[in-house]
$ cat run22.csv   # CSV, C-alpha atoms
chain,number,residue,atom,x,y,z
A,1,MET,CA,6.6,-10.0,-25.6
A,2,GLN,CA,6.6,-7.1,-23.3
A,3,SER,CA,6.2,-3.7,-25.1
A,4,GLN,CA,8.7,-0.9,-24.4
A,5,LYS,CA,5.9,1.0,-22.7
A,6,GLU,CA,5.2,-1.9,-20.3
A,7,PHE,CA,9.0,-2.3,-19.7
A,8,ALA,CA,9.3,1.4,-19.0
A,9,TYR,CA,6.3,1.3,-16.7
A,10,GLU,CA,7.6,-1.6,-14.6
A,11,GLN,CA,11.1,-0.1,-14.4
A,12,ILE,CA,10.0,3.3,-13.3
A,13,LYS,CA,7.6,1.9,-10.8
A,14,ASN,CA,10.4,-0.3,-9.4
A,15,MET,CA,12.6,2.8,-9.1
A,16,ILE,CA,9.9,4.6,-7.1
A,17,PHE,CA,9.1,1.7,-4.8
A,18,HIS,CA,12.8,0.9,-4.3
A,19,MET,CA,13.3,4.6,-3.3
A,20,GLU,CA,15.6,5.3,-6.2
A,21,LEU,CA,13.1,8.1,-7.0
A,22,LEU,CA,11.7,9.6,-3.8
A,23,PRO,CA,8.4,11.4,-3.3
A,24,GLY,CA,8.6,14.9,-4.9
A,25,ALA,CA,11.6,14.0,-7.0
A,26,ARG,CA,11.6,15.1,-10.7
A,27,ILE,CA,11.6,12.4,-13.3
A,28,SER,CA,13.6,13.2,-16.4
A,29,GLU,CA,12.2,11.4,-19.5
A,30,LEU,CA,15.5,11.8,-21.2
A,31,GLN,CA,17.5,10.3,-18.3
A,32,ILE,CA,15.1,7.4,-17.9
A,33,ALA,CA,15.2,6.7,-21.6
A,34,LYS,CA,19.0,6.6,-21.6
A,35,LYS,CA,19.1,4.4,-18.5
A,36,LEU,CA,16.7,1.9,-20.1
A,37,SER,CA,18.2,2.2,-23.6
A,38,ILE,CA,14.8,3.1,-25.2
A,39,SER,CA,13.3,6.1,-26.8
A,40,ARG,CA,11.5,8.8,-24.9
A,41,THR,CA,8.0,8.0,-26.3
A,42,PRO,CA,7.4,4.8,-24.3
A,43,VAL,CA,8.8,6.6,-21.2
A,44,HIS,CA,6.4,9.4,-21.7
A,45,ASP,CA,3.5,7.0,-22.2
A,46,ALA,CA,4.5,5.0,-19.1
A,47,LEU,CA,4.6,8.2,-17.0
A,48,ARG,CA,1.0,9.0,-18.1
A,49,TYR,CA,-0.1,5.5,-17.0
A,50,LEU,CA,1.7,6.0,-13.6
A,51,GLU,CA,-0.1,9.4,-13.3
A,52,ALA,CA,-3.4,7.6,-13.8
A,53,GLU,CA,-2.5,5.2,-10.9
A,54,GLY,CA,-1.7,8.1,-8.6
A,55,LEU,CA,2.1,7.4,-8.4
A,56,VAL,CA,3.3,10.3,-10.6
A,57,THR,CA,2.3,13.9,-11.0
A,58,ILE,CA,2.6,15.6,-14.4
A,59,GLU,CA,2.4,19.4,-14.6
A,60,ALA,CA,2.5,21.6,-17.7
A,61,ASN,CA,5.9,23.1,-18.3
A,62,ARG,CA,7.3,21.3,-15.3
A,63,GLY,CA,7.2,17.7,-16.4
A,64,ALA,CA,6.8,14.6,-14.2
A,65,SER,CA,7.6,14.0,-10.6
A,66,VAL,CA,7.0,11.3,-8.0
A,67,LYS,CA,3.7,11.9,-6.2
A,68,SER,CA,4.1,13.5,-2.9
A,69,PHE,CA,1.0,13.2,-0.7
A,70,SER,CA,-0.3,16.0,1.4
A,71,ASP,CA,-1.5,15.3,5.0
A,72,GLU,CA,-5.1,15.7,3.7
A,73,GLU,CA,-4.6,13.2,1.0
A,74,VAL,CA,-3.0,10.7,3.4
A,75,GLN,CA,-6.1,11.1,5.6
A,76,GLU,CA,-8.5,10.7,2.7
A,77,ILE,CA,-6.7,7.5,1.6
A,78,GLY,CA,-6.7,6.2,5.2
A,79,VAL,CA,-10.5,6.6,5.4
A,80,VAL,CA,-11.0,4.6,2.2
A,81,ARG,CA,-8.4,2.1,3.2
A,82,LEU,CA,-10.0,1.4,6.6
A,83,SER,CA,-13.4,1.0,5.0
A,84,LEU,CA,-12.2,-1.4,2.3
A,85,ASP,CA,-10.1,-3.4,4.8
A,86,ILE,CA,-13.0,-3.8,7.2
A,87,LEU,CA,-15.1,-5.2,4.3
A,88,SER,CA,-12.1,-7.4,3.4
A,89,ILE,CA,-11.9,-8.9,6.9
A,90,GLN,CA,-15.7,-9.4,7.0
A,91,LEU,CA,-15.6,-11.4,3.8
A,92,ALA,CA,-12.4,-13.2,4.7
A,93,ALA,CA,-13.9,-14.4,8.0
A,94,TYR,CA,-16.8,-15.9,6.0
A,95,TYR,CA,-14.9,-17.4,3.1
A,96,GLY,CA,-11.5,-18.1,4.6
A,97,SER,CA,-10.1,-21.6,5.4
A,98,ALA,CA,-7.6,-22.8,8.0
A,99,ALA,CA,-5.0,-22.9,5.2
A,100,ASP,CA,-5.8,-19.3,4.3
A,101,PHE,CA,-5.3,-18.1,7.8
A,102,ASP,CA,-2.1,-20.2,8.2
A,103,GLN,CA,-0.8,-18.5,5.1
A,104,LEU,CA,-1.6,-15.0,6.6
A,105,ASN,CA,0.4,-15.9,9.7
A,106,GLU,CA,3.3,-17.0,7.5
A,107,LEU,CA,3.2,-13.6,5.8
A,108,ALA,CA,3.0,-11.8,9.1
A,109,ASP,CA,6.2,-13.7,10.3
A,110,ILE,CA,8.0,-12.8,7.0
A,111,CYS,CA,7.0,-9.2,7.3
A,112,GLU,CA,8.2,-9.0,10.9
A,113,GLY,CA,11.5,-10.7,10.1
A,114,ILE,CA,12.2,-8.3,7.2
A,115,ALA,CA,11.3,-5.3,9.3
A,116,ALA,CA,13.6,-6.4,12.1
A,117,LYS,CA,16.5,-6.4,9.6
A,118,GLY,CA,15.8,-2.8,8.7
A,119,ASP,CA,14.9,-3.6,5.1
A,120,ILE,CA,12.6,-0.7,4.4
A,121,TYR,CA,11.5,-1.7,0.9
A,122,GLY,CA,11.0,-5.3,2.0
A,123,ARG,CA,9.0,-4.3,5.0
A,124,ILE,CA,6.7,-2.0,3.1
A,125,GLN,CA,6.2,-4.6,0.3
A,126,THR,CA,5.4,-7.5,2.5
A,127,ASP,CA,3.1,-5.3,4.7
A,128,CYS,CA,1.1,-4.4,1.6
A,129,GLU,CA,1.1,-8.1,0.5
A,130,PHE,CA,-0.3,-9.1,3.9
A,131,HIS,CA,-3.2,-6.8,3.7
A,132,LEU,CA,-3.9,-7.6,0.1
A,133,ALA,CA,-3.8,-11.3,1.0
A,134,ILE,CA,-6.7,-10.7,3.3
A,135,THR,CA,-8.7,-9.1,0.5
A,136,LYS,CA,-7.9,-12.0,-1.9
A,137,ILE,CA,-9.7,-14.4,0.5
A,138,SER,CA,-12.9,-12.3,0.0
A,139,ASN,CA,-13.7,-13.9,-3.4
A,140,ASN,CA,-14.7,-10.5,-4.6
A,141,SER,CA,-12.9,-9.5,-7.8
A,142,LEU,CA,-14.0,-5.9,-7.8
A,143,LEU,CA,-12.8,-5.4,-4.3
A,144,ILE,CA,-9.5,-7.0,-5.1
A,145,ARG,CA,-8.9,-4.7,-8.1
A,146,GLN,CA,-9.8,-1.6,-6.0
A,147,GLN,CA,-7.5,-2.7,-3.2
A,148,HIS,CA,-4.6,-3.4,-5.6
A,149,ALA,CA,-4.8,0.1,-7.0
A,150,LEU,CA,-5.2,1.7,-3.6
A,151,TYR,CA,-2.3,-0.2,-2.0
A,152,GLN,CA,0.1,1.1,-4.7
A,153,GLN,CA,-0.5,4.6,-3.4
A,154,ILE,CA,-0.3,3.3,0.2
A,155,HIS,CA,3.1,1.8,-0.7
A,156,LEU,CA,4.3,5.2,-1.8
A,157,ILE,CA,2.9,6.9,1.3
A,158,GLN,CA,4.7,4.4,3.6
A,159,ILE,CA,8.0,5.2,1.8
A,160,SER,CA,7.5,8.9,2.6
A,161,LYS,CA,6.4,8.3,6.3
A,162,TYR,CA,8.8,5.5,7.3
A,163,THR,CA,10.5,6.4,10.6
A,164,ASP,CA,12.5,3.7,12.3
A,165,ILE,CA,12.7,0.0,13.0
A,166,ALA,CA,11.1,0.2,16.4
A,167,HIS,CA,8.0,2.0,15.2
A,168,SER,CA,7.8,-0.2,12.2
A,169,LEU,CA,7.8,-3.4,14.4
A,170,LEU,CA,5.2,-1.9,16.6
A,171,GLN,CA,2.9,-1.6,13.6
A,172,ILE,CA,3.8,-5.0,12.3
A,173,HIS,CA,2.9,-6.7,15.6
A,174,HIS,CA,-0.7,-6.0,14.9
A,175,HIS,CA,-0.8,-8.5,12.1
A,176,LYS,CA,-1.1,-11.8,13.9
A,177,PRO,CA,-3.8,-10.6,16.3
A,178,ILE,CA,-5.7,-9.4,13.3
A,179,VAL,CA,-5.4,-12.9,11.7
A,180,ALA,CA,-6.5,-14.5,15.0
A,181,ALA,CA,-9.6,-12.3,15.2
A,182,ILE,CA,-10.6,-13.1,11.6
A,183,ARG,CA,-10.0,-16.8,12.1
A,184,THR,CA,-12.4,-16.9,15.0
A,185,GLY,CA,-15.0,-14.6,13.3
A,186,ASN,CA,-14.5,-11.8,15.9
A,187,ILE,CA,-15.1,-9.0,13.4
A,188,GLU,CA,-15.4,-6.4,16.2
A,189,GLU,CA,-11.9,-7.2,17.5
A,190,ALA,CA,-10.4,-7.3,14.0
A,191,THR,CA,-12.0,-3.9,13.2
A,192,ALA,CA,-10.6,-2.4,16.5
A,193,LEU,CA,-7.2,-3.7,15.6
A,194,LEU,CA,-7.4,-2.2,12.1
A,195,CYS,CA,-8.4,1.2,13.6
A,196,GLN,CA,-5.5,1.0,16.0
A,197,HIS,CA,-3.2,0.0,13.1
A,198,TYR,CA,-4.2,3.0,11.0
A,199,LYS,CA,-5.3,5.8,13.3
A,200,ASN,CA,-1.9,7.5,13.8
A,201,PHE,CA,-0.4,6.7,10.4
A,202,HIS,CA,-3.4,8.2,8.5
A,203,GLN,CA,-4.4,10.6,11.3
A,204,ILE,CA,-8.0,9.3,10.9
A,205,ASN,CA,-10.8,11.5,12.4
A,206,PRO,CA,-11.8,10.1,15.9
A,207,TYR,CA,-15.4,10.3,14.8
A,208,LEU,CA,-14.9,7.9,12.0
A,209,LEU,CA,-13.0,5.5,14.4
A,210,LYS,CA,-15.9,5.7,16.8
A,211,CYS,CA,-18.3,4.9,14.0
A,212,ASN,CA,-16.4,1.6,13.6
A,213,GLY,CA,-16.7,0.9,17.4
A,214,TYR,CA,-13.2,2.0,18.3
A,215,THR,CA,-12.6,4.3,21.3
A,216,ALA,CA,-9.1,5.9,21.5
A,217,GLU,CA,-7.1,4.8,24.5
$ encode --input "run22.csv" --output "structure tokens"
Amino acid sequence: MQSQKEFAYEQIKNMIFHMELLPGARISELQIAKKLSISRTPVHDALRYLEAEGLVTIEANRGASVKSFSDEEVQEIGVVRLSLDILSIQLAAYYGSAADFDQLNELADICEGIAAKGDIYGRIQTDCEFHLAITKISNNSLLIRQQHALYQQIHLIQISKYTDIAHSLLQIHHHKPIVAAIRTGNIEEATALLCQHYKNFHQINPYLLKCNGYTAE
């Protein structure tokens, strides 16, 4: 049976990811407890857990708020994301089967269709699922756990940086070429596509892109 803490954790996280609580917004323990018909203690404990995951900020005498990422933090996360995603595609190219790559293409189609409808939450959710699906092919449990934790923060960053459908579709269109490059074992091409995919969103240092063989156009 799900504990009240687990229930509160899932509900608050859903509120954050569905943009009911936006980055920087204060989170009232009392209001959440009333909304969920539970006491404040499990809400308090859930917020502590969300803080540990990097989704919530808790300050003395100010309480909790949804994490709002600075430009520097977005860049730092982008550097780690790029490194782990490159490792993921390297391992996926080695371990992946035709069925795995077909499934990635299906996820890419779903993500593109949802983005075209202007469903912001659905687009962000399926985009994260696509990249995590590549990592799952790696057969590396430690990498999968690290990526899952990282992509929760990336989900929140995408919420704060979402612009419009046209820009969103431009990013999503990189997915299928990435899959095609992994399928053929063309790691250099897949890496270049990832660099292009992330360079503007995370404002990654051109030097780091060059280290991965990418030259800005």
$ residues_around --input "run22.csv" --residues "Glu72 (chain A)" --least-positions-apart "6" --cutoff "12 Å" --atoms "all atoms listed in the file" --output "CSV table (one decimal) with C-alpha atoms, in the frame of the given file"
chain,number,residue,atom,x,y,z
A,78,GLY,CA,-6.7,6.2,5.2
A,79,VAL,CA,-10.5,6.6,5.4
A,202,HIS,CA,-3.4,8.2,8.5
A,203,GLN,CA,-4.4,10.6,11.3
A,204,ILE,CA,-8.0,9.3,10.9
A,205,ASN,CA,-10.8,11.5,12.4
$ residues_around --input "run22.csv" --residues "Ala99 (chain A)" --least-positions-apart "6" --cutoff "12 Å" --atoms "all atoms listed in the file" --output "count of residues only"
5
$ residues_around --input "run22.csv" --residues "Met15 (chain A)" --least-positions-apart "2" --cutoff "12 Å" --atoms "only C-alpha atoms" --output "mmCIF file with C-alpha atoms, in the frame of the given file"
data_model
loop_
_atom_site.group_PDB
_atom_site.id
_atom_site.type_symbol
_atom_site.label_atom_id
_atom_site.label_comp_id
_atom_site.auth_asym_id
_atom_site.auth_seq_id
_atom_site.Cartn_x
_atom_site.Cartn_y
_atom_site.Cartn_z
ATOM 1 C CA ALA A 8 9.300 1.400 -19.000
ATOM 2 C CA TYR A 9 6.300 1.300 -16.700
ATOM 3 C CA GLU A 10 7.600 -1.600 -14.600
ATOM 4 C CA GLN A 11 11.100 -0.100 -14.400
ATOM 5 C CA ILE A 12 10.000 3.300 -13.300
ATOM 6 C CA LYS A 13 7.600 1.900 -10.800
ATOM 7 C CA PHE A 17 9.100 1.700 -4.800
ATOM 8 C CA HIS A 18 12.800 0.900 -4.300
ATOM 9 C CA MET A 19 13.300 4.600 -3.300
ATOM 10 C CA GLU A 20 15.600 5.300 -6.200
ATOM 11 C CA LEU A 21 13.100 8.100 -7.000
ATOM 12 C CA LEU A 22 11.700 9.600 -3.800
ATOM 13 C CA PRO A 23 8.400 11.400 -3.300
ATOM 14 C CA ALA A 25 11.600 14.000 -7.000
ATOM 15 C CA ILE A 27 11.600 12.400 -13.300
ATOM 16 C CA ILE A 32 15.100 7.400 -17.900
ATOM 17 C CA LYS A 35 19.100 4.400 -18.500
ATOM 18 C CA LEU A 36 16.700 1.900 -20.100
ATOM 19 C CA LEU A 55 2.100 7.400 -8.400
ATOM 20 C CA VAL A 66 7.000 11.300 -8.000
ATOM 21 C CA TYR A 121 11.500 -1.700 0.900
ATOM 22 C CA LEU A 156 4.300 5.200 -1.800
#
$ residues_around --input "run22.csv" --residues "Asn139 (chain A)" --least-positions-apart "4" --cutoff "9 Å" --atoms "all atoms listed in the file" --output "list in words"
Leu91, Ala92, Tyr95, Thr135, Leu143 and Ile144 of chain A
$ atom_distance --input "run22.csv" --atom1 "CA of Gly122 (chain A)" --atom2 "CA of His174 (chain A)"
17.4 Å
$ closest_residue --input "run22.csv" --among "A:Leu104, A:Glu53, A:Leu194, A:Gly24" --to "Leu84 (chain A)" --atoms "only C-alpha atoms"
A:Leu194
$ closest_residue --input "run22.csv" --among "A:Lys5, A:Arg81, A:Lys117, A:His131" --to "Ala46 (chain A)" --atoms "all atoms listed in the file"
A:Lys5
$ atom_distance --input "run22.csv" --atom1 "CA of Ser138 (chain A)" --atom2 "CA of Leu208 (chain A)"
23.6 Å
$ atom_distance --input "run22.csv" --atom1 "CA of Gly185 (chain A)" --atom2 "CA of Ala108 (chain A)"
18.7 Å
$ closest_residue --input "run22.csv" --among "A:Gly54, A:His175, A:Phe7, A:Ser65" --to "Ala149 (chain A)" --atoms "all atoms listed in the file"
A:Gly54
$ closest_residue --input "run22.csv" --among "A:Asn186, A:Gln152, A:Ser141, A:Gln146" --to "Asp127 (chain A)" --atoms "all atoms listed in the file"
A:Gln152
$ residues_around --input "run22.csv" --residues "Arg123 (chain A)" --least-positions-apart "6" --cutoff "7 Å" --atoms "only C-alpha atoms" --output "ChimeraX atom specification"
/A:111,114-115
$ closest_residue --input "run22.csv" --among "A:Arg26, A:Lys136, A:His173, A:His155" --to "Ile77 (chain A)" --atoms "only C-alpha atoms"
A:His155
$ residues_near_point --input "run22.csv" --point "(3.8, 11.7, -12.1)" --cutoff "7 Å" --atoms "only C-alpha atoms" --output "CSV table (one decimal) with C-alpha atoms, keeping the file's coordinate frame"
chain,number,residue,atom,x,y,z
A,47,LEU,CA,4.6,8.2,-17.0
A,50,LEU,CA,1.7,6.0,-13.6
A,51,GLU,CA,-0.1,9.4,-13.3
A,55,LEU,CA,2.1,7.4,-8.4
A,56,VAL,CA,3.3,10.3,-10.6
A,57,THR,CA,2.3,13.9,-11.0
A,58,ILE,CA,2.6,15.6,-14.4
A,64,ALA,CA,6.8,14.6,-14.2
A,65,SER,CA,7.6,14.0,-10.6
A,66,VAL,CA,7.0,11.3,-8.0
A,67,LYS,CA,3.7,11.9,-6.2
$ axis_aligned_box --input "run22.csv" --around "region 187-203 of chain A" --padding-each-side "8 Å" --output "AutoDock Vina command-line options"
--center_x -7.9 --center_y 0.8 --center_z 13.0 --size_x 31.0 --size_y 35.6 --size_z 25.0
$ closest_residue --input "run22.csv" --among "A:Ser28, A:Phe201, A:Phe69, A:Asp102" --to "Val43 (chain A)" --atoms "only C-alpha atoms"
A:Ser28
